[in-house]
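Student: Okay, so here is work_1.tsv, and as you'll see once you scroll down, it has TSV, N, CA and C atoms.
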chain	number	residue	atom	x	y	z
A	1	MET	N	28.05	46.03	-44.61
A	1	MET	CA	26.76	46.26	-45.24
A	1	MET	C	25.86	45.05	-45.04
A	2	GLY	N	24.67	45.24	-44.60
A	2	GLY	CA	23.67	44.21	-44.53
A	2	GLY	C	24.08	42.96	-43.78
A	3	GLY	N	25.01	43.08	-42.83
A	3	GLY	CA	25.40	41.94	-42.03
A	3	GLY	C	26.39	41.00	-42.71
A	4	HIS	N	26.96	41.41	-43.83
A	4	HIS	CA	27.87	40.54	-44.58
A	4	HIS	C	29.33	40.95	-44.43
A	5	GLU	N	29.62	41.93	-43.57
A	5	GLU	CA	30.97	42.46	-43.47
A	5	GLU	C	32.01	41.38	-43.19
A	6	GLY	N	31.68	40.44	-42.31
A	6	GLY	CA	32.64	39.42	-41.93
A	6	GLY	C	32.67	38.22	-42.86
A	7	HIS	N	31.76	38.15	-43.79
A	7	HIS	CA	31.68	37.00	-44.67
A	7	HIS	C	32.21	37.37	-46.05
A	8	PRO	N	33.30	36.72	-46.50
A	8	PRO	CA	33.91	37.09	-47.79
A	8	PRO	C	32.96	36.99	-48.97
A	9	PHE	N	32.12	35.96	-49.01
A	9	PHE	CA	31.20	35.82	-50.14
A	9	PHE	C	30.19	36.96	-50.15
A	10	GLY	N	29.65	37.30	-48.98
A	10	GLY	CA	28.70	38.41	-48.89
A	10	GLY	C	29.31	39.72	-49.35
A	11	ALA	N	30.55	39.96	-48.96
A	11	ALA	CA	31.23	41.19	-49.38
A	11	ALA	C	31.45	41.19	-50.88
A	12	LEU	N	31.83	40.05	-51.43
A	12	LEU	CA	32.04	39.93	-52.88
A	12	LEU	C	30.75	40.21	-53.64
A	13	VAL	N	29.65	39.63	-53.17
A	13	VAL	CA	28.34	39.84	-53.80
A	13	VAL	C	27.95	41.32	-53.71
A	14	ASN	N	28.11	41.92	-52.54
A	14	ASN	CA	27.77	43.34	-52.38
A	14	ASN	C	28.60	44.22	-53.32
A	15	ASN	N	29.89	43.94	-53.44
A	15	ASN	CA	30.75	44.73	-54.33
A	15	ASN	C	30.33	44.57	-55.79
A	16	GLU	N	30.00	43.35	-56.17
A	16	GLU	CA	29.58	43.11	-57.56
A	16	GLU	C	28.25	43.80	-57.86
A	17	ILE	N	27.32	43.72	-56.92
A	17	ILE	CA	26.02	44.38	-57.11
A	17	ILE	C	26.23	45.89	-57.24
A	18	ARG	N	27.06	46.47	-56.37
A	18	ARG	CA	27.33	47.92	-56.44
A	18	ARG	C	27.96	48.30	-57.78
A	19	ARG	N	28.89	47.48	-58.25
A	19	ARG	CA	29.57	47.75	-59.52
A	19	ARG	C	28.58	47.75	-60.67
A	20	VAL	N	27.74	46.73	-60.73
A	20	VAL	CA	26.75	46.62	-61.81
A	20	VAL	C	25.74	47.76	-61.71
A	21	MET	N	25.27	48.04	-60.51
A	21	MET	CA	24.28	49.11	-60.32
A	21	MET	C	24.85	50.45	-60.74
A	22	LEU	N	26.11	50.72	-60.40
A	22	LEU	CA	26.72	51.99	-60.79
A	22	LEU	C	26.78	52.10	-62.31
A	23	ARG	N	27.16	51.04	-62.98
A	23	ARG	CA	27.21	51.06	-64.45
A	23	ARG	C	25.82	51.37	-65.03
A	24	LEU	N	24.80	50.73	-64.47
A	24	LEU	CA	23.44	50.95	-64.97
A	24	LEU	C	22.94	52.35	-64.66
A	25	ILE	N	23.24	52.85	-63.48
A	25	ILE	CA	22.82	54.21	-63.13
A	25	ILE	C	23.48	55.22	-64.05
A	26	ILE	N	24.75	55.03	-64.34
A	26	ILE	CA	25.45	55.95	-65.25
A	26	ILE	C	24.85	55.86	-66.65
A	27	LEU	N	24.59	54.65	-67.13
A	27	LEU	CA	23.94	54.52	-68.45
A	27	LEU	C	22.58	55.23	-68.45
A	28	ARG	N	21.83	55.09	-67.37
A	28	ARG	CA	20.52	55.75	-67.27
A	28	ARG	C	20.66	57.26	-67.31
A	29	LYS	N	21.61	57.80	-66.55
A	29	LYS	CA	21.82	59.25	-66.54
A	29	LYS	C	22.17	59.75	-67.94
A	30	ILE	N	23.04	59.02	-68.61
A	30	ILE	CA	23.46	59.44	-69.96
A	30	ILE	C	22.31	59.28	-70.94
A	31	SER	N	21.42	58.32	-70.72
A	31	SER	CA	20.28	58.13	-71.62
A	31	SER	C	19.31	59.31	-71.54
A	32	GLU	N	19.28	59.98	-70.40
A	32	GLU	CA	18.36	61.11	-70.20
A	32	GLU	C	18.78	62.34	-71.00
A	33	LYS	N	20.09	62.55	-71.10
A	33	LYS	CA	20.60	63.69	-71.87
A	33	LYS	C	22.10	63.56	-72.06
A	34	ARG	N	22.60	64.19	-73.08
A	34	ARG	CA	24.04	64.24	-73.32
A	34	ARG	C	24.67	64.93	-72.12
A	35	THR	N	25.69	64.33	-71.55
A	35	THR	CA	26.24	64.87	-70.31
A	35	THR	C	27.74	64.60	-70.22
A	36	TYR	N	28.39	65.20	-69.26
A	36	TYR	CA	29.83	65.02	-69.08
A	36	TYR	C	30.11	64.44	-67.69
A	37	SER	N	31.31	63.94	-67.50
A	37	SER	CA	31.67	63.18	-66.30
A	37	SER	C	31.39	63.92	-65.00
A	38	TYR	N	31.84	65.17	-64.90
A	38	TYR	CA	31.68	65.90	-63.65
A	38	TYR	C	30.20	66.06	-63.28
A	39	GLU	N	29.36	66.28	-64.28
A	39	GLU	CA	27.93	66.41	-64.02
A	39	GLU	C	27.36	65.11	-63.44
A	40	ILE	N	27.81	63.98	-63.95
A	40	ILE	CA	27.37	62.68	-63.44
A	40	ILE	C	27.84	62.50	-62.00
A	41	VAL	N	29.10	62.80	-61.74
A	41	VAL	CA	29.64	62.68	-60.38
A	41	VAL	C	28.84	63.55	-59.42
A	42	LYS	N	28.55	64.77	-59.83
A	42	LYS	CA	27.81	65.70	-58.98
A	42	LYS	C	26.41	65.16	-58.67
A	43	GLN	N	25.73	64.64	-59.68
A	43	GLN	CA	24.38	64.09	-59.47
A	43	GLN	C	24.42	62.87	-58.56
A	44	LEU	N	25.35	61.97	-58.80
A	44	LEU	CA	25.41	60.73	-58.03
A	44	LEU	C	25.93	60.95	-56.61
A	45	SER	N	26.68	62.00	-56.40
A	45	SER	CA	27.20	62.29	-55.06
A	45	SER	C	26.09	62.59	-54.07
A	46	ALA	N	24.93	62.98	-54.56
A	46	ALA	CA	23.80	63.29	-53.68
A	46	ALA	C	23.09	62.02	-53.20
A	47	TYR	N	23.34	60.88	-53.84
A	47	TYR	CA	22.68	59.63	-53.46
A	47	TYR	C	23.25	59.13	-52.14
A	48	PRO	N	22.40	58.75	-51.20
A	48	PRO	CA	22.90	58.19	-49.93
A	48	PRO	C	23.75	56.94	-50.14
A	49	GLN	N	23.49	56.17	-51.19
A	49	GLN	CA	24.23	54.95	-51.46
A	49	GLN	C	25.68	55.22	-51.82
A	50	ARG	N	26.01	56.47	-52.10
A	50	ARG	CA	27.38	56.83	-52.46
A	50	ARG	C	28.34	56.39	-51.38
A	51	LYS	N	27.92	56.44	-50.13
A	51	LYS	CA	28.79	56.11	-49.00
A	51	LYS	C	29.28	54.66	-49.05
A	52	ALA	N	28.56	53.80	-49.72
A	52	ALA	CA	28.98	52.40	-49.84
A	52	ALA	C	30.28	52.26	-50.63
A	53	PHE	N	30.65	53.30	-51.39
A	53	PHE	CA	31.87	53.27	-52.20
A	53	PHE	C	33.06	53.88	-51.49
A	54	GLY	N	32.86	54.34	-50.26
A	54	GLY	CA	33.96	54.95	-49.52
A	54	GLY	C	33.84	56.46	-49.52
A	55	ASN	N	34.95	57.13	-49.27
A	55	ASN	CA	34.93	58.60	-49.18
A	55	ASN	C	34.67	59.23	-50.55
A	56	ARG	N	34.47	60.53	-50.55
A	56	ARG	CA	34.12	61.24	-51.80
A	56	ARG	C	35.16	61.06	-52.90
A	57	ALA	N	36.43	61.14	-52.53
A	57	ALA	CA	37.49	61.01	-53.54
A	57	ALA	C	37.47	59.62	-54.17
A	58	ARG	N	37.30	58.61	-53.35
A	58	ARG	CA	37.25	57.23	-53.88
A	58	ARG	C	36.02	57.05	-54.76
A	59	PHE	N	34.88	57.59	-54.32
A	59	PHE	CA	33.66	57.49	-55.12
A	59	PHE	C	33.85	58.19	-56.46
A	60	LYS	N	34.40	59.39	-56.43
A	60	LYS	CA	34.62	60.17	-57.65
A	60	LYS	C	35.51	59.37	-58.62
A	61	ASN	N	36.59	58.79	-58.11
A	61	ASN	CA	37.48	57.99	-58.96
A	61	ASN	C	36.76	56.77	-59.51
A	62	THR	N	35.91	56.15	-58.68
A	62	THR	CA	35.15	54.98	-59.13
A	62	THR	C	34.22	55.36	-60.28
A	63	VAL	N	33.54	56.50	-60.15
A	63	VAL	CA	32.63	56.95	-61.22
A	63	VAL	C	33.42	57.24	-62.50
A	64	TYR	N	34.53	57.98	-62.39
A	64	TYR	CA	35.32	58.30	-63.57
A	64	TYR	C	35.85	57.02	-64.24
A	65	ASN	N	36.32	56.07	-63.44
A	65	ASN	CA	36.81	54.81	-64.00
A	65	ASN	C	35.69	54.00	-64.65
A	66	THR	N	34.51	54.04	-64.05
A	66	THR	CA	33.36	53.33	-64.63
A	66	THR	C	32.97	53.95	-65.96
A	67	ILE	N	32.95	55.27	-66.03
A	67	ILE	CA	32.64	55.96	-67.28
A	67	ILE	C	33.68	55.60	-68.35
A	68	ALA	N	34.95	55.59	-67.97
A	68	ALA	CA	36.02	55.23	-68.92
A	68	ALA	C	35.81	53.80	-69.43
A	69	GLY	N	35.43	52.89	-68.54
A	69	GLY	CA	35.18	51.51	-68.95
A	69	GLY	C	33.99	51.38	-69.88
A	70	LEU	N	32.92	52.11	-69.58
A	70	LEU	CA	31.74	52.10	-70.46
A	70	LEU	C	32.09	52.62	-71.84
A	71	HIS	N	32.93	53.64	-71.89
A	71	HIS	CA	33.37	54.19	-73.17
A	71	HIS	C	34.26	53.19	-73.91
A	72	ARG	N	35.22	52.63	-73.21
A	72	ARG	CA	36.14	51.65	-73.80
A	72	ARG	C	35.38	50.44	-74.35
A	73	ASP	N	34.33	50.02	-73.63
A	73	ASP	CA	33.56	48.84	-74.02
A	73	ASP	C	32.47	49.13	-75.06
A	74	GLY	N	32.35	50.40	-75.47
A	74	GLY	CA	31.43	50.75	-76.54
A	74	GLY	C	29.99	51.01	-76.13
A	75	TYR	N	29.73	51.19	-74.82
A	75	TYR	CA	28.37	51.47	-74.37
A	75	TYR	C	28.02	52.95	-74.46
A	76	ILE	N	29.04	53.80	-74.42
A	76	ILE	CA	28.82	55.24	-74.55
A	76	ILE	C	29.84	55.80	-75.54
A	77	ALA	N	29.44	56.88	-76.19
A	77	ALA	CA	30.32	57.57	-77.14
A	77	ALA	C	30.70	58.92	-76.55
A	78	ALA	N	31.89	59.37	-76.88
A	78	ALA	CA	32.40	60.65	-76.37
A	78	ALA	C	32.52	61.66	-77.50
A	79	GLN	N	32.19	62.89	-77.17
A	79	GLN	CA	32.33	63.99	-78.12
A	79	GLN	C	32.93	65.19	-77.38
A	80	ARG	N	34.06	65.67	-77.87
A	80	ARG	CA	34.71	66.82	-77.26
A	80	ARG	C	34.01	68.10	-77.70
A	81	SER	N	33.88	69.02	-76.76
A	81	SER	CA	33.25	70.30	-77.05
A	81	SER	C	34.03	71.38	-76.31
A	82	ARG	N	34.28	72.48	-76.98
A	82	ARG	CA	35.04	73.58	-76.39
A	82	ARG	C	34.17	74.81	-76.31
A	83	SER	N	34.18	75.41	-75.12
A	83	SER	CA	33.48	76.68	-74.91
A	83	SER	C	34.51	77.64	-74.35
A	84	GLY	N	35.05	78.49	-75.22
A	84	GLY	CA	36.13	79.37	-74.78
A	84	GLY	C	37.36	78.55	-74.46
A	85	LYS	N	37.87	78.71	-73.25
A	85	LYS	CA	39.06	77.96	-72.83
A	85	LYS	C	38.71	76.61	-72.22
A	86	VAL	N	37.43	76.39	-71.96
A	86	VAL	CA	36.99	75.17	-71.29
A	86	VAL	C	36.62	74.10	-72.31
A	87	ALA	N	37.26	72.95	-72.19
A	87	ALA	CA	36.93	71.80	-73.04
A	87	ALA	C	36.25	70.75	-72.18
A	88	LYS	N	35.17	70.20	-72.69
A	88	LYS	CA	34.45	69.14	-71.99
A	88	LYS	C	34.26	67.97	-72.94
A	89	VAL	N	34.17	66.79	-72.36
A	89	VAL	CA	33.86	65.59	-73.13
A	89	VAL	C	32.45	65.18	-72.75
A	90	TYR	N	31.55	65.25	-73.71
A	90	TYR	CA	30.15	64.88	-73.49
A	90	TYR	C	29.94	63.43	-73.91
A	91	PHE	N	29.08	62.74	-73.18
A	91	PHE	CA	28.80	61.34	-73.46
A	91	PHE	C	27.35	61.15	-73.88
A	92	THR	N	27.16	60.22	-74.80
A	92	THR	CA	25.83	59.79	-75.22
A	92	THR	C	25.85	58.27	-75.29
A	93	LEU	N	24.67	57.67	-75.24
A	93	LEU	CA	24.59	56.21	-75.36
A	93	LEU	C	24.78	55.80	-76.81
A	94	THR	N	25.44	54.69	-76.98
A	94	THR	CA	25.55	54.07	-78.30
A	94	THR	C	24.38	53.09	-78.43
A	95	PRO	N	24.14	52.56	-79.61
A	95	PRO	CA	23.11	51.52	-79.72
A	95	PRO	C	23.37	50.35	-78.77
A	96	LYS	N	24.63	49.98	-78.60
A	96	LYS	CA	24.99	48.91	-77.66
A	96	LYS	C	24.61	49.30	-76.23
A	97	GLY	N	24.81	50.56	-75.86
A	97	GLY	CA	24.46	51.04	-74.53
A	97	GLY	C	22.95	51.05	-74.31
A	98	ARG	N	22.20	51.49	-75.34
A	98	ARG	CA	20.73	51.49	-75.23
A	98	ARG	C	20.19	50.07	-75.07
A	99	LYS	N	20.77	49.15	-75.84
A	99	LYS	CA	20.34	47.75	-75.75
A	99	LYS	C	20.67	47.17	-74.37
A	100	ALA	N	21.86	47.45	-73.86
A	100	ALA	CA	22.26	46.94	-72.54
A	100	ALA	C	21.35	47.48	-71.45
A	101	LEU	N	21.01	48.75	-71.52
A	101	LEU	CA	20.13	49.36	-70.52
A	101	LEU	C	18.74	48.73	-70.58
A	102	SER	N	18.22	48.54	-71.77
A	102	SER	CA	16.91	47.92	-71.94
A	102	SER	C	16.90	46.48	-71.41
A	103	GLU	N	17.92	45.72	-71.75
A	103	GLU	CA	18.01	44.34	-71.28
A	103	GLU	C	18.18	44.28	-69.77
A	104	ALA	N	18.94	45.21	-69.21
A	104	ALA	CA	19.15	45.23	-67.76
A	104	ALA	C	17.85	45.54	-67.02
A	105	ARG	N	17.06	46.44	-67.56
A	105	ARG	CA	15.76	46.75	-66.93
A	105	ARG	C	14.90	45.49	-66.85
A	106	LYS	N	14.84	44.76	-67.95
A	106	LYS	CA	14.05	43.53	-67.98
A	106	LYS	C	14.62	42.50	-67.00
A	107	ALA	N	15.93	42.32	-67.02
A	107	ALA	CA	16.57	41.32	-66.15
A	107	ALA	C	16.37	41.66	-64.68
A	108	PHE	N	16.50	42.93	-64.32
A	108	PHE	CA	16.32	43.32	-62.93
A	108	PHE	C	14.87	43.15	-62.51
A	109	GLY	N	13.94	43.48	-63.39
A	109	GLY	CA	12.53	43.28	-63.08
A	109	GLY	C	12.22	41.82	-62.79
A	110	THR	N	12.75	40.94	-63.63
A	110	THR	CA	12.56	39.50	-63.44
A	110	THR	C	13.22	39.03	-62.15
A	111	ALA	N	14.44	39.47	-61.91
A	111	ALA	CA	15.17	39.05	-60.70
A	111	ALA	C	14.47	39.52	-59.44
A	112	ILE	N	13.99	40.75	-59.44
A	112	ILE	CA	13.30	41.28	-58.25
A	112	ILE	C	12.01	40.50	-58.00
A	113	SER	N	11.25	40.22	-59.05
A	113	SER	CA	10.02	39.43	-58.90
A	113	SER	C	10.34	38.05	-58.35
A	114	SER	N	11.36	37.43	-58.86
A	114	SER	CA	11.75	36.09	-58.39
A	114	SER	C	12.17	36.12	-56.93
A	115	MET	N	12.95	37.13	-56.55
A	115	MET	CA	13.41	37.23	-55.16
A	115	MET	C	12.24	37.49	-54.22
A	116	ARG	N	11.28	38.27	-54.64
A	116	ARG	CA	10.09	38.50	-53.80
A	116	ARG	C	9.36	37.20	-53.53
A	117	ARG	N	9.19	36.39	-54.59
A	117	ARG	CA	8.50	35.10	-54.43
A	117	ARG	C	9.29	34.18	-53.50
A	118	ILE	N	10.60	34.16	-53.64
A	118	ILE	CA	11.45	33.30	-52.81
A	118	ILE	C	11.43	33.74	-51.35
A	119	LEU	N	11.46	35.05	-51.11
A	119	LEU	CA	11.56	35.57	-49.74
A	119	LEU	C	10.23	35.68	-49.02
A	120	GLU	N	9.12	35.50	-49.71
A	120	GLU	CA	7.80	35.61	-49.05
A	120	GLU	C	7.49	34.36	-48.27
Render the structure in this file as structure tokens.

Tutor:
Amino acid sequence: MGGHEGHPFGALVNNEIRRVMLRLIILRKISEKRTYSYEIVKQLSAYPQRKAFGNRARFKNTVYNTIAGLHRDGYIAAQRSRSGKVAKVYFTLTPKGRKALSEARKAFGTAISSMRRILE
């Protein structure tokens, strides 16, 4: 990616950026409406950036693991719902998740502005 394939630091930075971005994208999707894991995977699978995570199965596992981590860390809350024989776990943002998303928006805005000034 971006000419950093052979450089360990570049690969590390790219992986960390992807990890953080995926967490934020998932928080954003959940902030829009109460949703469940498969719906998030389906929506994110359409993004061209998905390929940076590897094949579809690896990407799907990465999304599910990221959702589990967000839940474990208290950024999202889970609620089980049953419709007939089908049970789904719906996710919503917790106050901690809303705060993290808001702070991340500000931090990314500042970082992008700073990088533009540096790179001009």

Student: Between atom CA of Arg23 of chain A and atom CA of Ser113 of chain A, what distance in Å does the model show, to one decimal?

Tutor: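 About the pair atom CA of Arg23 of chain A and atom CA of Ser113 of chain A: they are 21.5 Å apart.
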
Student: Please, which residues of chain A, numbered as in this document, come out strand (DSSP E) from DSSP, as an MDAnalysis selection string?

Tutor: chainID A and resid 35:36 76:83 86:93

Student: Please indicate the distance in Å from atom C of Ser102 of chain A to atom N of Tyr36 of chain A, rounded to one decimal place.

Tutor: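 We find that atom C of Ser102 of chain A and atom N of Tyr36 of chain A lie 22.1 Å from each other.
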
Student: Any chance you could list, as a ChimeraX atom specification, the residues in chain A that come up alpha helix (DSSP H) when DSSP is run on the backbone?

Tutor: /A:8-32,37-45,56-72,95-119

Student: Between atom CA of Phe91 of chain A and atom CA of Asn14 of chain A, measure the distance and give it in Å to one decimal.

Tutor: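 These two atoms are separated by 27.7 Å.
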
Student: Axis-aligned box over every listed atom of segment 92-108 of chain A, padded by 4 Å per side: centre and edges in Å to one decimal, as lines of an AutoDock Vina configuration file?

Tutor:
center_x = 20.6
center_y = 50.8
center_z = -71.1
size_x = 21.1
size_y = 26.9
size_z = 25.2

Student: So which one's closest to Thr92 of chain A, A:Asn65, A:Thr35, A:Ser114, A:Gln43? Using only N, CA and C atoms, please.

Tutor: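 For Thr92 of chain A, the nearest of the given residues is A:Thr35.
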
Student: Go through A:Asn15, A:Thr62, A:Thr110, A:Asn55 one by one, measure the shortest atom-to-atom distance of each to Val41 of chain A using only C-alpha atoms, and give the residue with the smallest value.

Tutor: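 Closest residue, counting only C-alpha atoms: A:Thr62.
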
Student: With distances taken over only C-alpha atoms, which residue among A:Tyr47, A:Tyr38, A:Tyr90, A:Tyr75 lies nearest Asn61 of chain A?

Tutor: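 Of all the options, A:Tyr38 lies closest to Asn61 of chain A.
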
Student: Taking into account only C-alpha atoms, which residue in the set A:Leu70, A:Ala87, A:Ala77, A:Leu24 is nearest to Phe108 of chain A?

Tutor: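 For Phe108 of chain A, the nearest of the given residues is A:Leu24.
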
Student: Report as a list in words all protein, DNA and RNA residues lying within 8 Å of Leu27 of chain A, evaluated on all atoms listed in the file, omitting residues in the same chain fewer than 6 positions from it.

Tutor: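 Final neighbour list, sorted by chain and number: Met21, Tyr75, Ile76, Leu93, Gly97, Arg98 and Leu101 of chain A.
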
Student: Please determine, counting all atoms listed in the file, which residue among A:Ser45, A:Arg116, A:Ala100, A:Gln79 has the shortest atom-to-atom distance to Lys60 of chain A.

Tutor: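 For Lys60 of chain A, the nearest of the given residues is A:Ser45.
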